[in-house]
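Participant: So that we are looking at the same thing, I have put the structure below in structure tokens.
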Amino acid sequence: MAQFIHQTLGGVSAQVKRASGLVIFLGLCLAGLMVLLFIKLRIAREMGALATKQAIGLSFRDIVLQELYPIVLTGGSGILTGIILTELIGERLVSTLLSILGIGLERVTFSPFPLLSVAGWMAALLAVCSAVTCLSCHQLRKMHPASYLNE
């Protein structure tokens, strides 16, 4: 059976694998860019509070961890919510949308994915978000608290 599938759909399955890899890469990049913009906005908005924290003696590592925790918690809860919603209503929603479009697909069934794979992609997404957060907080090292505290 595997040989038959390879002979009939070999080129198509290779293209689908390549396209899915590209979509995963672009999704991770997009998530990283969204986190980058959010963190830059948050740092710009709370620069006075961050300068105060630095002035009272909090280390750079402590400040970065305070910025990192909300990102990791919201990212992880968003991922878990997405997985649960996909399992509960994903097939019905996609089937309904495709039947409304009228392209001949009445019912779509998602293939089951292993839990280890889900955990791996979840860890990759959280790692990208954490790395972007830590890298974007490096501008705080160059910050002089006195210039922000006088404003």
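If you're wondering about the labels, chains in the structure tokens are A, B, ... by order shown, residues count from 1 in each chain, ligands from 1 in order shown.
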Set the distance at 12 Å and use only C-alpha atoms: which residues neighbour Phe25 (chain A) once local chain neighbours fewer than 6 positions away are removed? I'd like the list as a list in words.

Facilitator: Arg18, Ala19, Ala31, Gly32, Trp121, Ala124, Leu125 and Val128 of chain A

Participant: Export, as a short mmCIF file (atom, residue, chain, number, x, y, z; two decimals), in the first residue's frame, the selected residues with N, CA, C and O atoms.

Facilitator:
```cif
data_model
loop_
_atom_site.label_atom_id
_atom_site.label_comp_id
_atom_site.auth_asym_id
_atom_site.auth_seq_id
_atom_site.Cartn_x
_atom_site.Cartn_y
_atom_site.Cartn_z
N ARG A 18 6.64 19.90 1.92
CA ARG A 18 7.44 21.11 1.79
C ARG A 18 6.61 22.35 2.13
O ARG A 18 7.07 23.26 2.82
N ALA A 19 5.38 22.39 1.65
CA ALA A 19 4.51 23.53 1.92
C ALA A 19 4.15 23.61 3.40
O ALA A 19 4.11 24.70 3.97
N ALA A 31 4.51 34.77 14.70
CA ALA A 31 4.32 34.83 16.15
C ALA A 31 5.45 35.61 16.80
O ALA A 31 5.22 36.43 17.70
N GLY A 32 6.68 35.39 16.35
CA GLY A 32 7.81 36.13 16.88
C GLY A 32 7.70 37.63 16.61
O GLY A 32 7.99 38.45 17.49
N TRP A 121 5.74 21.22 19.13
CA TRP A 121 5.42 22.50 18.48
C TRP A 121 5.05 23.57 19.49
O TRP A 121 5.33 24.75 19.30
N ALA A 124 8.29 24.76 20.80
CA ALA A 124 8.97 25.60 19.80
C ALA A 124 8.37 27.00 19.77
O ALA A 124 9.10 27.99 19.72
N LEU A 125 7.05 27.08 19.81
CA LEU A 125 6.40 28.39 19.79
C LEU A 125 6.72 29.19 21.05
O LEU A 125 7.02 30.39 20.98
N VAL A 128 10.32 30.44 20.79
CA VAL A 128 10.45 31.61 19.91
C VAL A 128 9.97 32.87 20.64
O VAL A 128 10.64 33.90 20.61
#
```

Participant: Record the distance separating CA of Ala119 (chain A) and CA of Gln15 (chain A), expressed in Å with one decimal.

Facilitator: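 About the pair CA of Ala119 (chain A) and CA of Gln15 (chain A): they are 25.0 Å apart.
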
Participant: Tell me which protein, DNA and RNA residues are within 12 Å of Leu93 (chain A), counting only C-alpha atoms, leaving out same-chain ones fewer than 4 positions away, and put them as a PyMOL selection string.

Facilitator: chain A and resi 85-89+97-100+106-110

Participant: Can you pull out the residues contacting region 41-53 of chain A? Cut-off 12 Å, using only C-alpha atoms, and skip same-chain residues under 6 positions away; I want them as a PyMOL selection string.

Facilitator: chain A and resi 34-35+59-64+66-68+70-71+133+136-151

Participant: Just to be explicit: take each residue in the selection above, keep N, CA and C atoms, and write the result as an mmCIF file, in the first residue's frame.

Facilitator:
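Output file again.cif follows:
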```
data_model
loop_
_atom_site.group_PDB
_atom_site.id
_atom_site.type_symbol
_atom_site.label_atom_id
_atom_site.label_comp_id
_atom_site.auth_asym_id
_atom_site.auth_seq_id
_atom_site.Cartn_x
_atom_site.Cartn_y
_atom_site.Cartn_z
ATOM 1 N N MET A 34 4.911 39.347 16.137
ATOM 2 C CA MET A 34 3.834 39.897 16.963
ATOM 3 C C MET A 34 4.306 40.121 18.392
ATOM 4 N N VAL A 35 5.053 39.175 18.936
ATOM 5 C CA VAL A 35 5.578 39.329 20.293
ATOM 6 C C VAL A 35 6.581 40.476 20.340
ATOM 7 N N SER A 59 17.877 43.478 39.330
ATOM 8 C CA SER A 59 18.855 43.163 38.290
ATOM 9 C C SER A 59 18.168 43.109 36.920
ATOM 10 N N PHE A 60 18.980 43.166 35.896
ATOM 11 C CA PHE A 60 18.463 43.087 34.532
ATOM 12 C C PHE A 60 17.719 41.768 34.325
ATOM 13 N N ARG A 61 18.255 40.699 34.878
ATOM 14 C CA ARG A 61 17.632 39.372 34.751
ATOM 15 C C ARG A 61 16.245 39.355 35.377
ATOM 16 N N ASP A 62 16.091 39.976 36.534
ATOM 17 C CA ASP A 62 14.787 40.019 37.205
ATOM 18 C C ASP A 62 13.766 40.807 36.393
ATOM 19 N N ILE A 63 14.218 41.898 35.801
ATOM 20 C CA ILE A 63 13.307 42.711 34.987
ATOM 21 C C ILE A 63 12.880 41.941 33.744
ATOM 22 N N VAL A 64 13.818 41.244 33.115
ATOM 23 C CA VAL A 64 13.482 40.446 31.925
ATOM 24 C C VAL A 64 12.516 39.328 32.296
ATOM 25 N N GLN A 66 10.327 39.397 34.668
ATOM 26 C CA GLN A 66 9.017 40.003 34.891
ATOM 27 C C GLN A 66 8.314 40.315 33.582
ATOM 28 N N GLU A 67 9.059 40.580 32.541
ATOM 29 C CA GLU A 67 8.462 40.803 31.224
ATOM 30 C C GLU A 67 8.169 39.484 30.520
ATOM 31 N N LEU A 68 8.924 38.449 30.856
ATOM 32 C CA LEU A 68 8.789 37.156 30.180
ATOM 33 C C LEU A 68 7.599 36.344 30.678
ATOM 34 N N PRO A 70 4.437 37.040 31.697
ATOM 35 C CA PRO A 70 3.125 37.218 31.052
ATOM 36 C C PRO A 70 3.084 36.694 29.620
ATOM 37 N N ILE A 71 4.182 36.830 28.894
ATOM 38 C CA ILE A 71 4.223 36.352 27.511
ATOM 39 C C ILE A 71 4.107 34.837 27.476
ATOM 40 N N THR A 133 11.346 37.884 23.364
ATOM 41 C CA THR A 133 11.168 38.739 24.539
ATOM 42 C C THR A 133 12.510 39.075 25.172
ATOM 43 N N SER A 136 14.508 41.434 22.878
ATOM 44 C CA SER A 136 13.996 42.798 22.793
ATOM 45 C C SER A 136 14.164 43.556 24.107
ATOM 46 N N CYS A 137 14.409 42.878 25.198
ATOM 47 C CA CYS A 137 14.632 43.546 26.478
ATOM 48 C C CYS A 137 16.082 44.000 26.641
ATOM 49 N N HIS A 138 16.948 43.699 25.684
ATOM 50 C CA HIS A 138 18.351 44.099 25.826
ATOM 51 C C HIS A 138 18.544 45.606 25.772
ATOM 52 N N GLN A 139 17.590 46.331 25.231
ATOM 53 C CA GLN A 139 17.710 47.788 25.240
ATOM 54 C C GLN A 139 17.628 48.340 26.657
ATOM 55 N N LEU A 140 17.111 47.541 27.583
ATOM 56 C CA LEU A 140 17.032 47.987 28.972
ATOM 57 C C LEU A 140 18.405 48.045 29.634
ATOM 58 N N ARG A 141 19.365 47.292 29.120
ATOM 59 C CA ARG A 141 20.721 47.331 29.671
ATOM 60 C C ARG A 141 21.353 48.708 29.469
ATOM 61 N N LYS A 142 21.041 49.339 28.345
ATOM 62 C CA LYS A 142 21.639 50.627 28.007
ATOM 63 C C LYS A 142 20.881 51.795 28.638
ATOM 64 N N MET A 143 19.793 51.486 29.319
ATOM 65 C CA MET A 143 18.946 52.517 29.889
ATOM 66 C C MET A 143 19.615 53.147 31.110
ATOM 67 N N HIS A 144 19.537 54.467 31.209
ATOM 68 C CA HIS A 144 20.011 55.188 32.371
ATOM 69 C C HIS A 144 18.788 55.615 33.184
ATOM 70 N N PRO A 145 18.599 55.016 34.342
ATOM 71 C CA PRO A 145 17.379 55.281 35.128
ATOM 72 C C PRO A 145 17.175 56.748 35.475
ATOM 73 N N ALA A 146 18.240 57.472 35.683
ATOM 74 C CA ALA A 146 18.090 58.869 36.106
ATOM 75 C C ALA A 146 17.401 59.719 35.031
ATOM 76 N N SER A 147 17.643 59.408 33.785
ATOM 77 C CA SER A 147 17.023 60.211 32.713
ATOM 78 C C SER A 147 15.509 59.986 32.629
ATOM 79 N N TYR A 148 15.033 58.823 33.054
ATOM 80 C CA TYR A 148 13.596 58.534 33.004
ATOM 81 C C TYR A 148 12.893 58.903 34.298
ATOM 82 N N LEU A 149 13.621 58.909 35.397
ATOM 83 C CA LEU A 149 12.990 59.214 36.683
ATOM 84 C C LEU A 149 12.707 60.706 36.841
ATOM 85 N N ASN A 150 13.437 61.545 36.120
ATOM 86 C CA ASN A 150 13.228 62.984 36.238
ATOM 87 C C ASN A 150 12.044 63.466 35.417
ATOM 88 N N GLU A 151 11.525 62.625 34.519
ATOM 89 C CA GLU A 151 10.419 63.048 33.644
ATOM 90 C C GLU A 151 9.099 63.021 34.351
#
```

Participant: Given the choices A:Leu36, A:Leu30, A:Val12, A:Ile83, which gets closest to Pro112 (chain A) if the distance is worked out from only C-alpha atoms?

Facilitator: A:Ile83

Participant: For CA of Arg92 (chain A) and CA of Gly78 (chain A), quote the distance in Å rounded to one decimal.

Facilitator: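 About the pair CA of Arg92 (chain A) and CA of Gly78 (chain A): they are 20.6 Å apart.
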
Participant: Provide the CA of Gly21 (chain A) to CA of Phe113 (chain A) distance in Å, to one decimal place.

Facilitator: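 According to the coordinates, CA of Gly21 (chain A) and CA of Phe113 (chain A) are separated by 15.6 Å.
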
Participant: Please, which residues of chain A, numbered as in this document, come out alpha helix (DSSP H) from DSSP, as JSON, numbers by chain?

Facilitator: {"A": [2, 3, 4, 5, 6, 7, 8, 9, 10, 11, 12, 13, 14, 15, 16, 17, 18, 19, 20, 21, 22, 23, 24, 25, 26, 27, 28, 29, 30, 31, 32, 33, 34, 35, 36, 37, 38, 39, 40, 41, 42, 43, 44, 45, 47, 48, 49, 50, 51, 52, 53, 54, 55, 60, 61, 62, 63, 64, 65, 66, 67, 68, 69, 70, 71, 72, 73, 74, 75, 76, 77, 78, 79, 80, 81, 82, 83, 84, 85, 91, 92, 93, 94, 95, 96, 97, 98, 99, 100, 101, 115, 116, 117, 118, 119, 120, 121, 122, 123, 124, 125, 126, 127, 128, 129, 130, 131, 132, 133, 134, 135, 136, 145, 146, 147, 148, 149]}

Participant: Write out as a PDB file with all heavy atoms, in the first residue's frame the residues lying within 7 Å of Ser130 (chain A), counting only C-alpha atoms and excluding same-chain residues fewer than 4 positions away.

Facilitator:
```pdb
ATOM      1  N   LEU A  68       8.924  38.449  30.856  1.00  0.00           N
ATOM      2  CA  LEU A  68       8.789  37.156  30.180  1.00  0.00           C
ATOM      3  C   LEU A  68       7.599  36.344  30.678  1.00  0.00           C
ATOM      4  O   LEU A  68       6.913  35.686  29.884  1.00  0.00           O
ATOM      5  CB  LEU A  68      10.082  36.355  30.358  1.00  0.00           C
ATOM      6  CG  LEU A  68      10.193  35.007  29.686  1.00  0.00           C
ATOM      7  CD1 LEU A  68      10.149  35.184  28.176  1.00  0.00           C
ATOM      8  CD2 LEU A  68      11.481  34.311  30.089  1.00  0.00           C
ATOM      9  N   VAL A  72       4.850  34.164  28.331  1.00  0.00           N
ATOM     10  CA  VAL A  72       4.821  32.698  28.347  1.00  0.00           C
ATOM     11  C   VAL A  72       3.459  32.186  28.823  1.00  0.00           C
ATOM     12  O   VAL A  72       2.916  31.231  28.256  1.00  0.00           O
ATOM     13  CB  VAL A  72       5.968  32.145  29.223  1.00  0.00           C
ATOM     14  CG1 VAL A  72       5.843  30.651  29.420  1.00  0.00           C
ATOM     15  CG2 VAL A  72       7.308  32.477  28.582  1.00  0.00           C
ATOM     16  N   LEU A 126       6.695  28.539  22.196  1.00  0.00           N
ATOM     17  CA  LEU A 126       7.037  29.237  23.434  1.00  0.00           C
ATOM     18  C   LEU A 126       8.509  29.632  23.458  1.00  0.00           C
ATOM     19  O   LEU A 126       8.860  30.687  23.992  1.00  0.00           O
ATOM     20  CB  LEU A 126       6.691  28.372  24.645  1.00  0.00           C
ATOM     21  CG  LEU A 126       5.202  28.200  24.920  1.00  0.00           C
ATOM     22  CD1 LEU A 126       4.982  27.259  26.097  1.00  0.00           C
ATOM     23  CD2 LEU A 126       4.537  29.526  25.178  1.00  0.00           C
ATOM     24  N   CYS A 134      13.343  38.066  25.362  1.00  0.00           N
ATOM     25  CA  CYS A 134      14.649  38.308  25.980  1.00  0.00           C
ATOM     26  C   CYS A 134      15.523  39.199  25.111  1.00  0.00           C
ATOM     27  O   CYS A 134      16.217  40.091  25.620  1.00  0.00           O
ATOM     28  CB  CYS A 134      15.349  36.975  26.256  1.00  0.00           C
ATOM     29  SG  CYS A 134      14.570  36.020  27.563  1.00  0.00           S
TER      30      CYS A 134
END
```
